[in-house]
$ cat start02.txt   # compact mmCIF, C-alpha atoms
# COMPACT_ATOMS: atom_id res chain seq x y z
CA MET A 134 49.32 150.63 40.13
CA LYS A 135 48.62 147.68 42.39
CA THR A 136 46.75 147.73 45.68
CA ILE A 137 47.92 145.30 48.34
CA LEU A 138 46.25 144.55 51.66
CA LEU A 139 48.58 143.22 54.34
CA ILE A 140 46.88 141.38 57.19
CA LEU A 141 48.85 140.37 60.28
CA ILE A 142 47.08 137.79 62.42
CA GLY A 143 48.41 137.58 65.97
CA ASN A 144 46.53 134.49 67.11
CA ARG A 145 45.86 132.36 64.04
CA LYS A 146 44.04 129.57 65.88
CA GLN A 147 41.41 131.96 67.22
CA ALA A 148 41.28 134.70 64.58
CA ALA A 149 41.75 132.78 61.31
CA VAL A 150 38.13 131.56 61.12
CA GLN A 151 36.76 135.09 61.65
CA VAL A 152 39.20 136.58 59.13
CA GLN A 153 38.22 133.93 56.59
CA LYS A 154 34.53 134.79 57.03
CA VAL A 155 35.25 138.46 56.33
CA LEU A 156 37.39 137.63 53.28
CA THR A 157 34.74 135.28 51.88
CA GLY A 158 32.25 138.15 51.83
CA TRP A 159 34.66 140.24 49.75
CA GLY A 160 36.06 137.40 47.61
CA CYS A 161 35.35 139.00 44.23
CA MET A 162 37.79 141.83 45.04
CA ILE A 163 40.66 139.48 45.87
CA LYS A 164 42.79 138.81 42.79
CA THR A 165 45.71 137.11 44.57
CA ARG A 166 46.06 135.67 48.07
CA LEU A 167 49.21 134.46 49.81
CA GLY A 168 49.34 133.19 53.39
CA ILE A 169 52.62 132.94 55.29
CA HIS A 170 53.44 131.66 58.76
CA ASP A 171 56.61 130.38 60.39
CA GLY A 172 57.16 126.74 61.17
CA VAL A 173 55.58 123.48 60.09
CA MET A 174 53.86 120.53 61.70
CA GLU A 175 54.30 120.63 65.51
CA ASN A 176 56.39 123.83 65.34
CA CYS A 177 53.72 125.90 63.61
CA SER A 178 53.69 129.55 64.71
CA ASP A 179 50.58 131.25 66.00
CA GLU A 180 51.22 134.41 63.98
CA GLY A 181 50.41 134.64 60.30
CA LEU A 182 50.62 137.11 57.45
CA LEU A 183 48.16 137.36 54.56
CA ILE A 184 49.07 139.30 51.44
CA LEU A 185 46.13 140.14 49.19
CA GLU A 186 46.20 141.82 45.80
CA LEU A 187 42.91 143.68 45.50
CA TYR A 188 40.94 144.90 42.50
CA GLY A 189 37.97 147.23 42.32
CA ASP A 190 36.51 150.22 44.10
CA ARG A 191 38.86 152.04 46.50
CA LYS A 192 36.16 152.67 49.12
CA LYS A 193 35.33 148.96 49.20
CA MET A 194 39.02 148.13 49.65
CA GLN A 195 39.21 150.51 52.60
CA GLU A 196 36.08 148.97 54.10
CA LEU A 197 37.54 145.47 53.75
CA ALA A 198 40.73 146.61 55.53
CA ARG A 199 38.64 148.17 58.30
CA LYS A 200 36.44 145.09 58.79
CA VAL A 201 39.39 142.71 58.95
CA SER A 202 41.13 144.89 61.53
CA LEU A 203 38.05 144.71 63.78
CA VAL A 204 38.86 141.05 64.49
CA LYS A 205 40.69 140.81 67.83
CA GLY A 206 44.43 140.33 67.36
CA VAL A 207 44.41 141.35 63.68
CA ALA A 208 46.04 144.37 62.04
CA SER A 209 45.72 145.42 58.41
CA LYS A 210 47.33 147.95 56.11
CA LEU A 211 46.30 148.98 52.60
CA ILE A 212 49.22 149.81 50.31
CA ASP A 213 49.36 151.24 46.79
CA ILE A 214 52.48 150.46 44.81
CA SER A 215 53.60 151.23 41.28
CA ILE A 216 56.74 151.17 39.22
CA PHE A 217 58.01 154.64 38.40
CA ASP A 218 58.79 154.96 34.71
CA GLY A 219 60.84 158.14 34.31
CA ASP A 220 60.74 158.03 30.51
CA LYS A 221 56.94 158.01 30.42
CA VAL A 222 56.77 160.88 32.89
CA GLU A 223 59.25 162.94 30.85
CA LYS A 224 57.24 162.34 27.65
CA LYS A 225 53.98 163.38 29.33
CA LEU A 226 55.60 166.53 30.72
CA ALA A 227 56.97 167.42 27.28
CA GLU A 228 53.54 166.87 25.69
CA ALA A 229 51.89 169.02 28.37
CA LYS A 230 54.39 171.84 27.73
CA LYS A 231 53.68 171.71 23.97
CA THR A 232 49.93 171.89 24.61
CA THR A 233 50.41 174.81 27.01
CA ARG A 234 52.50 176.71 24.41
CA LYS A 235 49.83 176.17 21.72
CA VAL A 236 47.10 177.47 24.02
CA LYS A 237 49.15 180.57 24.95
CA LYS A 238 49.80 181.41 21.25
CA GLN A 239 46.11 181.33 20.37

$ encode --input "start02.txt" --output "structure tokens"
Amino acid sequence: MKTILLILIGNRKQAAVQVQKVLTGWGCMIKTRLGIHDGVMENCSDEGLLILELYGDRKKMQELARKVSLVKGVASKLIDISIFDGDKVEKKLAEAKKTTRKVKKQ
């Protein structure tokens, strides 16, 4: 399973420095970081999106998401994602049933 923190920054010019300060304090938890904003050069948008892949303690991840969202004009969302492998699940269920049958027989 992967844990992703999405951070939407509404006013990059004002909030980006504060967001960066928060992220620097939690840098060891950040495995991957991707920043996206529309436009380039003179047409640069004021809204930005950060996508962070996090690693470590779940409570610390939640605290990071909370602290980032305290910055004015910033929203964050912590997401867990995994790939469902039906074959693995079926094997584990079959193994669990075998174990249950053995216990009942004894």

$ closest_atom_pairs --input "start02.txt" --of "region 148-173 of chain A" --to "region 188-206 of chain A" --cutoff "10 Å" --atoms "all atoms listed in the file" --output "CSV"
residue,atom,partner,partner_atom,distance
A:Ala148,CA,A:Val204,CA,6.8
A:Ala149,CA,A:Val204,CA,9.3
A:Gln151,CA,A:Val204,CA,6.9
A:Val152,CA,A:Val201,CA,6.1
A:Gln153,CA,A:Val201,CA,9.2
A:Lys154,CA,A:Val201,CA,9.5
A:Val155,CA,A:Val201,CA,6.5
A:Leu156,CA,A:Leu197,CA,7.9
A:Gly158,CA,A:Leu197,CA,9.2
A:Trp159,CA,A:Leu197,CA,7.2
A:Cys161,CA,A:Tyr188,CA,8.3
A:Met162,CA,A:Tyr188,CA,5.1
A:Ile163,CA,A:Tyr188,CA,6.4
A:Lys164,CA,A:Tyr188,CA,6.4
A:Thr165,CA,A:Tyr188,CA,9.4

$ residues_near_point --input "start02.txt" --point "(42.8, 141.5, 52.9)" --cutoff "6 Å" --atoms "all atoms listed in the file" --output "NGL selection string"
:A and (138 or 140 or 185)

$ residues_near_point --input "start02.txt" --point "(43.5, 133.2, 69.0)" --cutoff "10 Å" --atoms "only C-alpha atoms" --output "JSON, numbers by chain"
{"A": [142, 143, 144, 145, 146, 147, 148, 149, 150, 179, 180, 205, 206, 207]}

$ atom_distance --input "start02.txt" --atom1 "CA of Asp171 (chain A)" --atom2 "CA of Met134 (chain A)"
29.6 Å

$ atom_distance --input "start02.txt" --atom1 "CA of Leu167 (chain A)" --atom2 "CA of Leu183 (chain A)"
5.7 Å

$ atom_distance --input "start02.txt" --atom1 "CA of Lys210 (chain A)" --atom2 "CA of Lys135 (chain A)"
13.8 Å

$ closest_residue --input "start02.txt" --among "A:Lys224, A:Ala229, A:Arg166, A:Glu175" --to "Ile137 (chain A)" --atoms "all atoms listed in the file"
A:Arg166
